[in-house]
Amino acid sequence: MFALTVRDRMMIAHSLPHPAFGPAQALHGATYVVELTIRRAELGEEGIVIDIGEATTLLKDALADLDYTNLDEHPELAGTLTTTEALAKLVADRVADRLPAGLYAGLDVTLREHPDAWATYTREL
Ligand SMILES: Nc1nc2c(c(=O)[nH]1)N=C([C@H](O)[C@H](O)COP(=O)(O)OP(=O)(O)OP(=O)(O)O)CN2
């Protein structure tokens, strides 16, 4: 299995209104490093999993309406606890929706809250 990874960042504000989150129930900010890995069993005729530029654009587009926003006000996220895990799934689903069918084995999206904590969502395709 081959894999190609690209990385981007997004800055957001959000609150996590559940008692499990203590002070993070209040509005606070986060800067995530976001990694997208696309997996493919065999390389294409160009000898690549996916063009790096194309993968970078896919990731950037998936983050575009989230970056520099208050997620509490995002219509698609109403009623969602926007945890690192949930955001990783959201980004993965958005990228998966734009990949051609039948070409790729799967993808992983990792959001790093800080160097010592991250969450990953894995999706087979
Ligand atoms: N599994 C997850 N745990 C936590 C998430 C998350 O997205 N997934 N998010 C947060 C908060 O948004 C914030 O990032 C950290 O808040 P904090 O109160 O500092 O929480 P910590 O767990 O880091 O520290 P405590 O010792 O619990 O205060 C929190 N958790």
# chains A, B, ... in the order shown; residues from 1 in each chain; ligands from 1
call {"tool": "residues_near_ligand", "arguments": {"ligand": "ligand 1", "cutoff": "9 Å", "atoms": "only C-alpha atoms and all ligand atoms", "output": "number ranges by chain"}}
result
A: 14-16, 20-25, 28-30, 81-87, 113-114, 117-119
call {"tool": "select_by_dssp", "arguments": {"residues": "chain A", "states": "strand (DSSP E or B)", "output": "PDB file with C-alpha atoms, in the first residue's frame"}}
result
ATOM      1  CA  PHE A   2       1.255   3.460  -0.915  1.00  0.00           C
ATOM      2  CA  ALA A   3       0.373   6.653   0.913  1.00  0.00           C
ATOM      3  CA  LEU A   4       0.774  10.339   0.202  1.00  0.00           C
ATOM      4  CA  THR A   5       0.391  12.940   2.947  1.00  0.00           C
ATOM      5  CA  VAL A   6      -0.080  16.692   2.788  1.00  0.00           C
ATOM      6  CA  ARG A   7      -0.452  19.148   5.635  1.00  0.00           C
ATOM      7  CA  ASP A   8      -2.234  22.435   6.254  1.00  0.00           C
ATOM      8  CA  ARG A   9      -3.444  24.485   9.212  1.00  0.00           C
ATOM      9  CA  MET A  10      -6.662  26.034  10.412  1.00  0.00           C
ATOM     10  CA  MET A  11      -7.506  28.485  13.169  1.00  0.00           C
ATOM     11  CA  ILE A  12     -10.949  28.218  14.702  1.00  0.00           C
ATOM     12  CA  ALA A  13     -12.995  29.280  17.680  1.00  0.00           C
ATOM     13  CA  HIS A  14     -15.537  26.969  19.258  1.00  0.00           C
ATOM     14  CA  HIS A  28     -11.973  29.162  23.110  1.00  0.00           C
ATOM     15  CA  GLY A  29      -9.610  28.967  20.174  1.00  0.00           C
ATOM     16  CA  ALA A  30      -7.518  26.267  18.565  1.00  0.00           C
ATOM     17  CA  THR A  31      -4.969  26.132  15.788  1.00  0.00           C
ATOM     18  CA  TYR A  32      -4.955  22.688  14.229  1.00  0.00           C
ATOM     19  CA  VAL A  33      -2.290  21.198  12.045  1.00  0.00           C
ATOM     20  CA  VAL A  34      -4.319  19.082   9.637  1.00  0.00           C
ATOM     21  CA  GLU A  35      -2.815  16.146   7.777  1.00  0.00           C
ATOM     22  CA  LEU A  36      -4.461  14.319   4.913  1.00  0.00           C
ATOM     23  CA  THR A  37      -3.130  10.905   3.879  1.00  0.00           C
ATOM     24  CA  ILE A  38      -4.479   9.251   0.748  1.00  0.00           C
ATOM     25  CA  ARG A  39      -3.823   5.529   0.290  1.00  0.00           C
ATOM     26  CA  ARG A  40      -3.649   3.577  -2.942  1.00  0.00           C
ATOM     27  CA  THR A  69     -14.398  31.085  11.843  1.00  0.00           C
ATOM     28  CA  ASN A  70     -16.390  30.458  14.989  1.00  0.00           C
ATOM     29  CA  GLY A 106      -8.773   4.986   1.692  1.00  0.00           C
ATOM     30  CA  LEU A 107      -7.766   8.127   3.492  1.00  0.00           C
ATOM     31  CA  ASP A 108      -6.825   9.338   6.946  1.00  0.00           C
ATOM     32  CA  VAL A 109      -7.258  12.806   8.360  1.00  0.00           C
ATOM     33  CA  THR A 110      -5.288  13.761  11.465  1.00  0.00           C
ATOM     34  CA  LEU A 111      -5.870  16.957  13.408  1.00  0.00           C
ATOM     35  CA  ARG A 112      -3.076  17.904  15.785  1.00  0.00           C
ATOM     36  CA  GLU A 113      -4.247  20.116  18.639  1.00  0.00           C
ATOM     37  CA  HIS A 114      -0.669  20.501  19.828  1.00  0.00           C
ATOM     38  CA  ALA A 117      -2.319  15.424  21.238  1.00  0.00           C
ATOM     39  CA  TRP A 118      -4.037  14.525  17.982  1.00  0.00           C
ATOM     40  CA  ALA A 119      -7.002  12.624  16.590  1.00  0.00           C
ATOM     41  CA  THR A 120      -7.361  10.673  13.372  1.00  0.00           C
ATOM     42  CA  TYR A 121     -10.358   9.580  11.342  1.00  0.00           C
ATOM     43  CA  THR A 122      -9.772   6.723   8.892  1.00  0.00           C
ATOM     44  CA  ARG A 123     -12.088   6.042   6.024  1.00  0.00           C
ATOM     45  CA  GLU A 124     -11.884   3.190   3.543  1.00  0.00           C
TER      46      GLU A 124
END
call {"tool": "closest_residue", "arguments": {"among": "A:Leu27, A:Leu71, A:Ala55, A:Ala41", "to": "Ala105 of chain A", "atoms": "only C-alpha atoms"}}
result
A:Ala41
call {"tool": "select_by_dssp", "arguments": {"residues": "segment 25-78 of chain A", "states": "alpha helix (DSSP H)", "output": "count of residues only"}}
result
12
call {"tool": "closest_residue", "arguments": {"among": "A:Pro19, A:Gly79, A:His74, A:Leu125", "to": "Asp93 of chain A", "atoms": "only C-alpha atoms"}}
result
A:Leu125
call {"tool": "atom_distance", "arguments": {"atom1": "atom CA of Leu103 of chain A", "atom2": "atom CA of Asp51 of chain A"}}
result
13.3 Å
call {"tool": "closest_residue", "arguments": {"among": "A:Ile50, A:Ala78, A:Leu59, A:Leu43", "to": "Pro17 of chain A", "atoms": "only C-alpha atoms"}}
result
A:Ala78
call {"tool": "closest_residue", "arguments": {"among": "A:Val49, A:Leu77, A:Val91, A:Ala26", "to": "Ala62 of chain A", "atoms": "only C-alpha atoms"}}
result
A:Val91
call {"tool": "atom_distance", "arguments": {"atom1": "atom CA of Gly47 of chain A", "atom2": "atom CA of Lys60 of chain A"}}
result
23.7 Å
call {"tool": "atom_distance", "arguments": {"atom1": "atom CA of Asp72 of chain A", "atom2": "atom CA of His18 of chain A"}}
result
13.5 Å
